[in-house]
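One file, model20.tsv, carrying TSV, C-alpha atoms:
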```tsv
chain	number	residue	atom	x	y	z
A	1214	MET	CA	15.00	-23.97	-1.75
A	1215	LYS	CA	15.67	-20.31	-0.90
A	1216	SER	CA	15.57	-19.47	-4.62
A	1217	ILE	CA	12.10	-21.02	-4.89
A	1218	TYR	CA	10.85	-18.84	-2.04
A	1219	LYS	CA	12.27	-15.79	-3.81
A	1220	TYR	CA	10.32	-16.61	-6.98
A	1221	ILE	CA	7.12	-17.17	-5.02
A	1222	PHE	CA	7.57	-13.91	-3.13
A	1223	THR	CA	8.14	-12.05	-6.42
A	1224	VAL	CA	4.91	-13.40	-7.92
A	1225	VAL	CA	2.90	-12.51	-4.79
A	1226	ALA	CA	4.42	-9.02	-4.76
A	1227	LEU	CA	3.45	-8.50	-8.41
A	1228	PHE	CA	-0.15	-9.47	-7.65
A	1229	ALA	CA	-0.19	-7.15	-4.64
A	1230	VAL	CA	1.16	-4.23	-6.67
A	1231	THR	CA	-1.41	-4.90	-9.38
A	1232	ALA	CA	-4.21	-4.90	-6.81
A	1233	THR	CA	-2.87	-1.66	-5.31
A	1234	PHE	CA	-2.86	0.13	-8.66
A	1235	GLY	CA	-6.33	-1.28	-9.32
A	1236	GLN	CA	-7.65	0.70	-6.33
A	1237	SER	CA	-6.41	4.06	-7.63
A	1238	VAL	CA	-8.13	7.46	-7.85
A	1239	ASP	CA	-7.18	7.41	-11.55
A	1240	ASP	CA	-10.43	5.52	-12.08
A	1241	LEU	CA	-12.56	8.53	-11.07
A	1242	ARG	CA	-14.42	10.63	-13.68
A	1243	LEU	CA	-16.36	13.88	-13.63
A	1244	ASN	CA	-19.34	12.13	-15.14
A	1245	GLU	CA	-22.06	14.81	-15.25
A	1246	MET	CA	-22.52	18.48	-14.31
A	1247	MET	CA	-25.16	21.16	-14.24
A	1248	ILE	CA	-24.50	24.89	-13.78
A	1249	LYS	CA	-27.83	26.64	-14.31
A	1250	ASN	CA	-29.99	24.80	-11.81
A	1251	VAL	CA	-33.33	26.58	-11.66
A	1252	ASP	CA	-35.72	23.94	-10.39
A	1253	ASN	CA	-33.76	20.76	-10.82
A	1254	TYR	CA	-31.73	18.69	-8.35
A	1255	ALA	CA	-31.73	20.22	-4.83
A	1256	ASP	CA	-29.19	19.87	-2.03
A	1257	GLU	CA	-29.94	18.76	1.53
A	1258	TYR	CA	-31.15	22.31	2.33
A	1259	GLY	CA	-33.61	22.41	-0.60
A	1260	ARG	CA	-31.50	24.85	-2.60
A	1261	HIS	CA	-31.01	24.61	-6.37
A	1262	VAL	CA	-27.30	25.14	-6.94
A	1263	PRO	CA	-24.72	23.96	-9.50
A	1264	TRP	CA	-23.51	20.42	-8.99
A	1265	VAL	CA	-21.08	17.89	-10.42
A	1266	GLU	CA	-21.25	14.10	-10.33
A	1267	ILE	CA	-18.15	11.92	-9.82
A	1268	PHE	CA	-18.25	8.35	-11.08
A	1269	ASN	CA	-16.03	5.46	-9.93
A	1270	THR	CA	-15.34	3.46	-13.08
A	1271	ALA	CA	-13.43	0.75	-11.18
A	1272	TYR	CA	-14.82	-2.52	-9.85
A	1273	ASN	CA	-13.47	-1.89	-6.38
A	1274	THR	CA	-13.80	0.73	-3.65
A	1275	VAL	CA	-11.85	3.98	-4.16
A	1276	ASN	CA	-11.23	6.57	-1.44
A	1277	ILE	CA	-11.61	10.08	-2.82
A	1278	THR	CA	-10.54	11.80	0.42
A	1279	GLY	CA	-7.83	14.43	-0.07
A	1280	CYS	CA	-8.47	15.01	-3.78
A	1281	TYR	CA	-9.32	18.49	-5.06
A	1282	LEU	CA	-12.18	19.95	-7.08
A	1283	THR	CA	-11.49	23.23	-8.84
A	1284	ASP	CA	-12.30	25.46	-11.81
A	1285	ASP	CA	-8.80	26.97	-11.87
A	1286	THR	CA	-5.75	24.75	-12.46
A	1287	THR	CA	-3.15	27.55	-12.52
A	1288	GLY	CA	-1.59	26.26	-9.30
A	1289	LEU	CA	-1.21	22.68	-10.56
A	1290	ALA	CA	2.19	21.06	-9.83
A	1291	LYS	CA	3.62	24.26	-8.32
A	1292	GLY	CA	3.45	23.05	-4.74
A	1293	GLY	CA	3.38	25.32	-1.75
A	1294	GLU	CA	0.10	26.85	-0.63
A	1295	ILE	CA	-3.20	25.51	-1.92
A	1296	PRO	CA	-4.85	27.92	-4.41
A	1297	THR	CA	-7.97	29.73	-3.26
A	1298	ARG	CA	-10.43	28.05	-5.61
A	1299	TRP	CA	-9.28	24.52	-4.81
A	1300	TYR	CA	-11.69	22.51	-2.67
A	1301	ARG	CA	-10.04	19.70	-0.73
A	1302	ILE	CA	-12.44	16.80	-0.25
A	1303	PRO	CA	-12.54	16.11	3.51
A	1304	THR	CA	-12.54	12.81	5.35
A	1305	ASP	CA	-15.95	11.20	5.52
A	1306	GLN	CA	-17.29	7.66	5.47
A	1307	LYS	CA	-19.20	8.34	2.24
A	1308	MET	CA	-15.95	9.35	0.51
A	1309	TYR	CA	-15.19	5.64	0.12
A	1310	MET	CA	-16.89	5.16	-3.22
A	1311	PRO	CA	-18.02	1.58	-3.93
A	1312	GLN	CA	-17.52	0.04	-7.33
A	1313	ARG	CA	-19.39	1.72	-10.21
A	1314	SER	CA	-20.96	4.26	-7.82
A	1315	PHE	CA	-21.77	7.98	-8.06
A	1316	LEU	CA	-21.14	10.90	-5.70
A	1317	ILE	CA	-22.59	14.43	-5.95
A	1318	PHE	CA	-20.76	17.63	-4.94
A	1319	TYR	CA	-22.50	21.02	-4.87
A	1320	LEU	CA	-20.56	23.88	-6.46
A	1321	ASP	CA	-22.19	26.69	-4.45
A	1322	ASN	CA	-19.14	28.37	-2.89
A	1323	SER	CA	-20.50	27.44	0.55
A	1324	PRO	CA	-18.05	24.93	2.15
A	1325	LEU	CA	-19.52	25.63	5.60
A	1326	TYR	CA	-22.72	23.88	4.56
A	1327	GLY	CA	-21.04	20.48	4.72
A	1328	PRO	CA	-18.38	18.22	3.20
A	1329	TYR	CA	-20.21	18.06	-0.16
A	1330	HIS	CA	-20.21	21.82	-0.78
A	1331	ALA	CA	-17.22	23.22	-2.69
A	1332	ASN	CA	-15.63	26.64	-2.24
A	1333	PHE	CA	-16.25	27.88	-5.80
A	1334	ASN	CA	-19.16	28.45	-8.19
A	1335	PRO	CA	-18.60	27.82	-11.92
A	1336	ALA	CA	-21.36	30.33	-12.75
A	1337	GLU	CA	-19.06	33.05	-11.37
A	1338	SER	CA	-15.82	31.67	-12.83
A	1339	LYS	CA	-13.71	33.12	-15.65
A	1340	THR	CA	-12.98	29.62	-16.95
A	1341	HIS	CA	-15.36	27.06	-18.39
A	1342	TYR	CA	-14.04	23.75	-17.09
A	1343	ILE	CA	-14.07	21.69	-13.90
A	1344	ALA	CA	-11.07	19.60	-12.86
A	1345	LEU	CA	-10.43	16.78	-10.41
A	1346	ILE	CA	-6.88	16.77	-9.01
A	1347	SER	CA	-5.07	14.12	-6.97
A	1348	ALA	CA	-4.28	14.51	-3.28
A	1349	ASN	CA	-0.66	15.51	-3.95
A	1350	GLY	CA	-1.88	18.46	-6.03
A	1351	LYS	CA	0.25	17.53	-9.03
A	1352	GLU	CA	-1.77	15.02	-11.07
A	1353	LEU	CA	-4.81	15.86	-13.15
A	1354	LEU	CA	-7.24	12.97	-12.72
A	1355	ASP	CA	-9.98	14.31	-14.95
A	1356	ILE	CA	-11.04	17.61	-16.49
A	1357	VAL	CA	-14.24	18.43	-18.34
A	1358	GLU	CA	-14.35	21.51	-20.53
A	1359	TYR	CA	-17.99	22.45	-20.98
A	1360	PRO	CA	-19.54	24.88	-23.46
A	1361	VAL	CA	-19.94	28.43	-22.21
A	1362	GLU	CA	-23.61	28.26	-23.16
A	1363	LEU	CA	-24.13	25.71	-20.36
A	1364	ARG	CA	-24.24	28.60	-17.86
A	1365	ASP	CA	-27.37	29.94	-19.55
A	1366	THR	CA	-29.01	26.59	-20.29
A	1367	ALA	CA	-30.80	24.40	-17.79
A	1368	ARG	CA	-29.24	21.25	-19.17
A	1369	THR	CA	-26.65	18.76	-18.02
A	1370	PHE	CA	-23.33	18.03	-19.68
A	1371	GLY	CA	-21.14	14.94	-19.32
A	1372	TYR	CA	-20.11	11.57	-20.65
A	1373	VAL	CA	-22.60	9.95	-23.01
A	1374	LYS	CA	-21.48	6.58	-21.64
A	1375	ASP	CA	-20.60	6.58	-17.97
A	1376	GLY	CA	-16.95	7.53	-17.60
A	1377	VAL	CA	-16.02	6.39	-21.12
A	1378	ARG	CA	-13.67	8.82	-22.87
A	1379	ASP	CA	-11.30	8.75	-25.79
A	1380	PRO	CA	-7.86	7.88	-24.33
A	1381	LYS	CA	-6.14	9.77	-27.19
A	1382	ALA	CA	-8.09	12.95	-26.52
A	1383	PHE	CA	-5.72	14.33	-23.92
A	1384	LYS	CA	-3.66	17.35	-24.88
A	1385	GLN	CA	-1.79	19.80	-22.68
A	1386	GLY	CA	-3.54	18.75	-19.49
A	1387	LYS	CA	-7.05	19.09	-20.96
A	1388	ARG	CA	-9.27	16.44	-22.45
A	1389	GLU	CA	-11.12	17.27	-25.62
A	1390	ALA	CA	-14.82	16.65	-26.10
A	1391	GLY	CA	-14.41	12.99	-27.08
A	1392	GLU	CA	-17.41	11.25	-25.50
A	1393	LEU	CA	-18.64	14.43	-23.77
A	1394	ASP	CA	-21.88	16.05	-24.88
A	1395	TYR	CA	-25.18	17.50	-23.75
A	1396	LEU	CA	-27.28	14.82	-22.10
A	1397	GLY	CA	-30.88	14.24	-23.04
A	1398	GLU	CA	-31.92	13.76	-19.42
A	1399	PHE	CA	-30.42	14.86	-16.14
A	1400	THR	CA	-29.38	11.83	-14.07
A	1401	PRO	CA	-27.68	12.92	-10.83
A	1402	ALA	CA	-26.31	10.03	-8.73
A	1403	SER	CA	-27.28	7.55	-11.47
A	1404	SER	CA	-26.18	6.31	-14.87
A	1405	ASN	CA	-26.14	8.67	-17.86
A	1406	GLU	CA	-27.19	5.84	-20.15
A	1407	THR	CA	-30.95	6.17	-20.07
A	1408	GLY	CA	-31.67	4.32	-23.31
A	1409	GLU	CA	-32.74	0.73	-23.62
A	1410	LYS	CA	-30.05	-1.54	-22.29
A	1411	ILE	CA	-29.30	-4.91	-23.79
A	1412	SER	CA	-28.34	-7.65	-21.39
A	1413	LYS	CA	-24.98	-9.30	-21.79
A	1414	GLN	CA	-26.67	-12.54	-22.73
A	1415	ASP	CA	-28.69	-10.93	-25.52
A	1416	LYS	CA	-25.67	-8.97	-26.70
A	1417	LEU	CA	-23.56	-12.12	-26.83
A	1418	LYS	CA	-26.34	-13.93	-28.67
A	1419	ARG	CA	-26.55	-11.08	-31.16
A	1420	ASP	CA	-22.81	-10.74	-31.72
A	1421	ASP	CA	-21.99	-14.48	-31.67
A	1422	PRO	CA	-25.08	-16.47	-32.73
A	1423	TYR	CA	-23.15	-19.70	-33.36
A	1424	GLY	CA	-20.87	-19.55	-30.33
A	1425	ILE	CA	-17.68	-19.60	-32.38
A	1426	GLY	CA	-16.19	-16.60	-30.60
A	1427	MET	CA	-17.03	-18.04	-27.18
A	1428	ALA	CA	-15.40	-21.35	-28.13
A	1429	ILE	CA	-12.25	-19.58	-29.30
A	1430	ILE	CA	-12.07	-17.46	-26.16
A	1431	SER	CA	-12.61	-20.51	-23.92
A	1432	MET	CA	-9.88	-22.48	-25.69
A	1433	ALA	CA	-7.55	-19.50	-25.53
A	1434	VAL	CA	-8.10	-19.18	-21.79
A	1435	VAL	CA	-7.53	-22.90	-21.20
A	1436	PHE	CA	-4.37	-23.03	-23.32
A	1437	THR	CA	-3.06	-19.85	-21.73
A	1438	ALA	CA	-3.53	-21.40	-18.29
A	1439	LEU	CA	-1.76	-24.58	-19.41
A	1440	ILE	CA	1.12	-22.58	-20.84
A	1441	MET	CA	1.46	-20.66	-17.58
A	1442	ILE	CA	1.46	-23.90	-15.59
A	1443	TYR	CA	4.08	-25.35	-17.96
A	1444	ILE	CA	6.29	-22.28	-17.53
A	1445	MET	CA	5.96	-22.43	-13.75
A	1446	LEU	CA	6.87	-26.11	-13.71
A	1447	LYS	CA	9.86	-25.43	-15.95
A	1448	ILE	CA	11.05	-22.70	-13.62
A	1449	PHE	CA	10.55	-24.96	-10.59
A	1450	ASN	CA	12.44	-27.81	-12.31
A	1451	TYR	CA	15.28	-25.48	-13.31
A	1452	VAL	CA	15.66	-24.06	-9.82
A	1453	THR	CA	15.55	-27.53	-8.24
A	1454	ARG	CA	18.13	-28.89	-10.67
A	1455	ARG	CA	20.45	-25.98	-10.06
A	1456	ALA	CA	20.17	-26.46	-6.31
A	1457	THR	CA	20.90	-30.19	-6.65
A	1458	GLN	CA	23.93	-29.56	-8.88
A	1459	LYS	CA	25.24	-26.99	-6.45
A	1460	SER	CA	24.96	-29.36	-3.48
A	1461	LYS	CA	26.66	-32.18	-5.44
A	1462	ALA	CA	29.50	-29.87	-6.45
A	1463	GLN	CA	30.02	-28.91	-2.82
A	1464	GLU	CA	30.09	-32.57	-1.78
A	1465	GLN	CA	32.56	-33.44	-4.54
A	1466	ALA	CA	34.80	-30.58	-3.48
A	1467	VAL	CA	34.81	-31.75	0.15
A	1468	THR	CA	35.31	-35.51	-0.54
A	1469	PRO	CA	38.89	-35.32	-2.04
A	1470	ALA	CA	40.04	-33.21	0.88
A	1471	LYS	CA	38.63	-35.75	3.34
A	1472	ALA	CA	40.28	-38.61	1.41
A	1473	MET	CA	43.68	-36.91	1.47
A	1474	ALA	CA	43.37	-36.20	5.18
A	1475	SER	CA	42.38	-39.81	5.87
A	1476	LYS	CA	45.26	-41.17	3.83
A	1477	ALA	CA	47.74	-38.94	5.61
A	1478	GLY	CA	46.38	-40.05	8.97
A	1479	GLU	CA	46.69	-43.72	8.07
A	1480	GLU	CA	50.34	-43.26	7.05
A	1481	ASP	CA	51.14	-41.48	10.29
A	1482	ASP	CA	49.46	-44.15	12.45
A	1483	THR	CA	51.17	-47.16	10.76
A	1484	VAL	CA	53.58	-49.07	13.17
A	1485	ASP	CA	55.96	-51.84	12.10
A	1486	GLY	CA	56.11	-55.35	13.65
A	1487	PRO	CA	59.18	-55.04	15.94
A	1488	THR	CA	57.77	-51.92	17.48
A	1489	CYS	CA	54.49	-53.67	18.23
A	1490	ALA	CA	56.41	-56.60	19.84
A	1491	ALA	CA	58.43	-54.26	22.02
A	1492	ILE	CA	55.33	-52.43	23.17
A	1493	GLY	CA	53.55	-55.74	23.95
A	1494	THR	CA	56.53	-57.06	25.97
A	1495	ALA	CA	56.77	-53.89	27.98
A	1496	LEU	CA	53.11	-54.01	28.84
A	1497	HIS	CA	53.32	-57.69	29.82
A	1498	LEU	CA	56.27	-57.10	32.16
A	1499	HIS	CA	54.60	-54.09	33.66
A	1500	PHE	CA	51.32	-55.79	34.49
A	1501	GLY	CA	53.02	-59.14	35.48
A	1502	SER	CA	55.21	-57.61	38.18
A	1503	MET	CA	52.30	-56.22	40.10
A	1504	HIS	CA	51.11	-58.10	43.25
A	1505	ASP	CA	47.65	-59.37	43.64
A	1506	GLU	CA	45.55	-58.34	46.60
A	1507	GLU	CA	46.39	-60.47	49.70
A	1508	SER	CA	43.61	-62.56	51.30
A	1509	GLU	CA	45.26	-62.33	54.76
A	1510	VAL	CA	44.95	-66.19	55.18
A	1511	ILE	CA	48.09	-68.20	56.17
A	1512	THR	CA	48.22	-71.76	54.88
A	1513	ILE	CA	50.95	-74.21	56.03
A	1514	ASN	CA	51.55	-77.34	53.99
A	1515	MET	CA	53.37	-80.18	55.77
A	1516	PRO	CA	54.57	-83.51	54.37
A	1517	SER	CA	52.22	-86.41	55.11
A	1518	LYS	CA	54.89	-88.50	57.05
A	1519	HIS	CA	55.48	-85.84	59.62
A	1520	TYR	CA	52.97	-84.72	62.18
A	1521	SER	CA	52.67	-81.20	63.16
A	1522	PRO	CA	52.87	-80.58	66.89
A	1523	TRP	CA	49.78	-78.60	66.51
A	1524	ALA	CA	47.95	-81.81	65.70
A	1525	GLN	CA	48.95	-83.79	68.84
A	1526	LYS	CA	45.95	-84.72	70.92
A	1527	GLU	CA	47.74	-84.59	74.23
A	1528	LEU	CA	48.36	-80.98	73.77
A	1529	THR	CA	44.73	-80.34	73.14
A	1530	MET	CA	43.50	-82.21	76.31
A	1531	LYS	CA	43.52	-80.85	79.85
A	1532	ARG	CA	45.42	-82.69	82.60
A	1533	ASN	CA	43.52	-84.23	85.47
A	1534	PRO	CA	44.26	-82.65	88.82
A	1535	ARG	CA	46.42	-84.63	91.25
A	1536	ARG	CA	45.44	-85.37	94.82
```

Could I get this structure in the form of structure tokens?
Amino acid sequence: MKSIYKYIFTVVALFAVTATFGQSVDDLRLNEMMIKNVDNYADEYGRHVPWVEIFNTAYNTVNITGCYLTDDTTGLAKGGEIPTRWYRIPTDQKMYMPQRSFLIFYLDNSPLYGPYHANFNPAESKTHYIALISANGKELLDIVEYPVELRDTARTFGYVKDGVRDPKAFKQGKREAGELDYLGEFTPASSNETGEKISKQDKLKRDDPYGIGMAIISMAVVFTALIMIYIMLKIFNYVTRRATQKSKAQEQAVTPAKAMASKAGEEDDTVDGPTCAAIGTALHLHFGSMHDEESEVITINMPSKHYSPWAQKELTMKRNPRR
């Protein structure tokens, strides 16, 4: 039974690890940015400053606290002191990004204005990229290399489809253009996909008008579940059988030893007939020679033809007094 618990614990641990990795900062993307902000999106003070939008591509909450925003990755993976142009995202309730949500940071080199204001300005930078780095300062979560012309153009640049990039377009710590491009409309804190959206139902109807694909997928899911159940039952049966065989083997190993010990005991306790007779006689003589408890009553038996003087009446009567 202990082996069964081990298997169950292993399966639960695998699910827990999967869920833990599912809530990772690796799901974050630098979705959209704007450097030359003349009269566009304003911060909480009414100022028009450069900004960048972070998108949580996961379907669960991700905590972005401790990660870094920067336009200079020269200090990546070196450890030690934090480089000057690295902005560490502070602790705040809004840093817990819900699923498929957006978060705006202002790149105005004014961190004293609040937790959403970074300590660098890409308009004054020698590089032309913005990077998002993990809390340990060694992992590059996302980097967007924008055209230099973006500094002189009042346009936004980012992913054409929210957070969707070419997974093969990653070379030497920088991601190539892939799905990045100038956006037709600026969409801070909202989706970059401004075109007409087709519902999943209409898309499924368009792609699979006869339902053949849905039927195949449904059957595949059902059979996969049945196969998984079959495998689990096989494992359970195997473990149970092994445990039963082990217990039987232990019992069979103990039984011959008990039989030998019992046989040896019977041989040692066997007594022949004359010995038993001698022991019985000794016990009889011992218990027969003992006196019973006395009743302290004296009984005298006399023959019937003789009279006991004790029974004479004259001895029991008083004499009359003489005058």

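For the choices A:Arg1313, A:Lys1416, A:Lys1339, A:His1330, the atom-to-atom distance to A:Asp1240 is smallest for A:Arg1313 when using only C-alpha atoms.
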
Task: All residues 6 Å or closer to A:Leu1345, only C-alpha atoms, same chain fewer than 2 positions away omitted, as a ChimeraX atom specification - done: /A:1281-1282,1354-1355

Task: Pick from A:Thr1453, A:Gln1463, A:Ser1347, A:Thr1369 nearest to A:Pro1401, counting all atoms listed in the file - done: A:Thr1369

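Around A:Val1275, within 10 Å and counting only C-alpha atoms, the residues found are Gly1235, Gln1236, Ser1237, Val1238, Asp1239, Asp1240, Leu1241, Asn1269, Thr1270, Ala1271, Tyr1272, Asn1273, Ile1277, Thr1278, Met1308, Tyr1309, Met1310, Pro1311, Gln1312, Arg1313 and Ser1314 of chain A, once anything fewer than 2 positions away on its own chain is removed.
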
TODO: Choose the residue, out of A:Leu1439, A:Ile1448, A:Leu1320, A:Leu1353, that has the smallest atom-to-atom separation from A:Asn1334; count all atoms listed in the file.
DONE: A:Leu1320

Open item on the list: Around the point (-13.9, 20.1, 1.4) (coordinates from the file), which residues reach within 12 Å if we count all atoms listed in the file? Answer as a PyMOL selection string.
Closed with: chain A and resi 1277-1283+1298-1305+1308+1318-1320+1322-1333

Please produce a file of the residues just selected, as a CSV table (one decimal), in the coordinates of the input, where the atoms kept are C-alpha atoms.
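result32.csv written:
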```
chain,number,residue,atom,x,y,z
A,1277,ILE,CA,-11.6,10.1,-2.8
A,1278,THR,CA,-10.5,11.8,0.4
A,1279,GLY,CA,-7.8,14.4,-0.1
A,1280,CYS,CA,-8.5,15.0,-3.8
A,1281,TYR,CA,-9.3,18.5,-5.1
A,1282,LEU,CA,-12.2,20.0,-7.1
A,1283,THR,CA,-11.5,23.2,-8.8
A,1298,ARG,CA,-10.4,28.0,-5.6
A,1299,TRP,CA,-9.3,24.5,-4.8
A,1300,TYR,CA,-11.7,22.5,-2.7
A,1301,ARG,CA,-10.0,19.7,-0.7
A,1302,ILE,CA,-12.4,16.8,-0.2
A,1303,PRO,CA,-12.5,16.1,3.5
A,1304,THR,CA,-12.5,12.8,5.4
A,1305,ASP,CA,-16.0,11.2,5.5
A,1308,MET,CA,-16.0,9.4,0.5
A,1318,PHE,CA,-20.8,17.6,-4.9
A,1319,TYR,CA,-22.5,21.0,-4.9
A,1320,LEU,CA,-20.6,23.9,-6.5
A,1322,ASN,CA,-19.1,28.4,-2.9
A,1323,SER,CA,-20.5,27.4,0.6
A,1324,PRO,CA,-18.0,24.9,2.2
A,1325,LEU,CA,-19.5,25.6,5.6
A,1326,TYR,CA,-22.7,23.9,4.6
A,1327,GLY,CA,-21.0,20.5,4.7
A,1328,PRO,CA,-18.4,18.2,3.2
A,1329,TYR,CA,-20.2,18.1,-0.2
A,1330,HIS,CA,-20.2,21.8,-0.8
A,1331,ALA,CA,-17.2,23.2,-2.7
A,1332,ASN,CA,-15.6,26.6,-2.2
A,1333,PHE,CA,-16.2,27.9,-5.8
```

Task: Atom-to-atom span, atom CA of A:Met1247 and atom CA of A:Ser1404, Å - done: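 So the two atoms, atom CA of A:Met1247 and atom CA of A:Ser1404, lie 14.9 Å apart.
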
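Using all atoms listed in the file, the shortest contact distance between A:Leu1363 and any of A:Phe1436, A:Tyr1258, A:Tyr1342, A:Phe1449 is found at A:Tyr1342.
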
- [ ] Between atom CA of A:Ile1248 and atom CA of A:Arg1368, measure the distance and give it in Å to one decimal.
- [x]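 If I compute the distance from atom CA of A:Ile1248 to atom CA of A:Arg1368, I get 8.0 Å.
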
Open item on the list: One decimal, in Å: what's the spacing between atom CA of A:Gly1371 and atom CA of A:Lys1249?
Closed with: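 These two atoms are separated by 14.4 Å.
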
Task: Who sits within 12 Å of stretch 1356-1360 of chain A, all atoms listed in the file, same chain under 4 positions skipped, as an MDAnalysis selection string - done: chainID A and resid 1239 1241:1248 1265:1267 1281:1286 1335:1336 1340:1347 1352 1364:1366 1368:1372 1376 1378 1382:1395

Task: Residue with smallest distance to A:Tyr1254 - pool A:Asp1420, A:Phe1399, A:Val1434, A:Leu1446, counting all atoms listed in the file - done: A:Phe1399

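Comparing A:Glu1257, A:Val1452, A:Thr1297, A:Val1373 by their smallest distance to A:Thr1407, the closest is A:Val1373 (using only C-alpha atoms).
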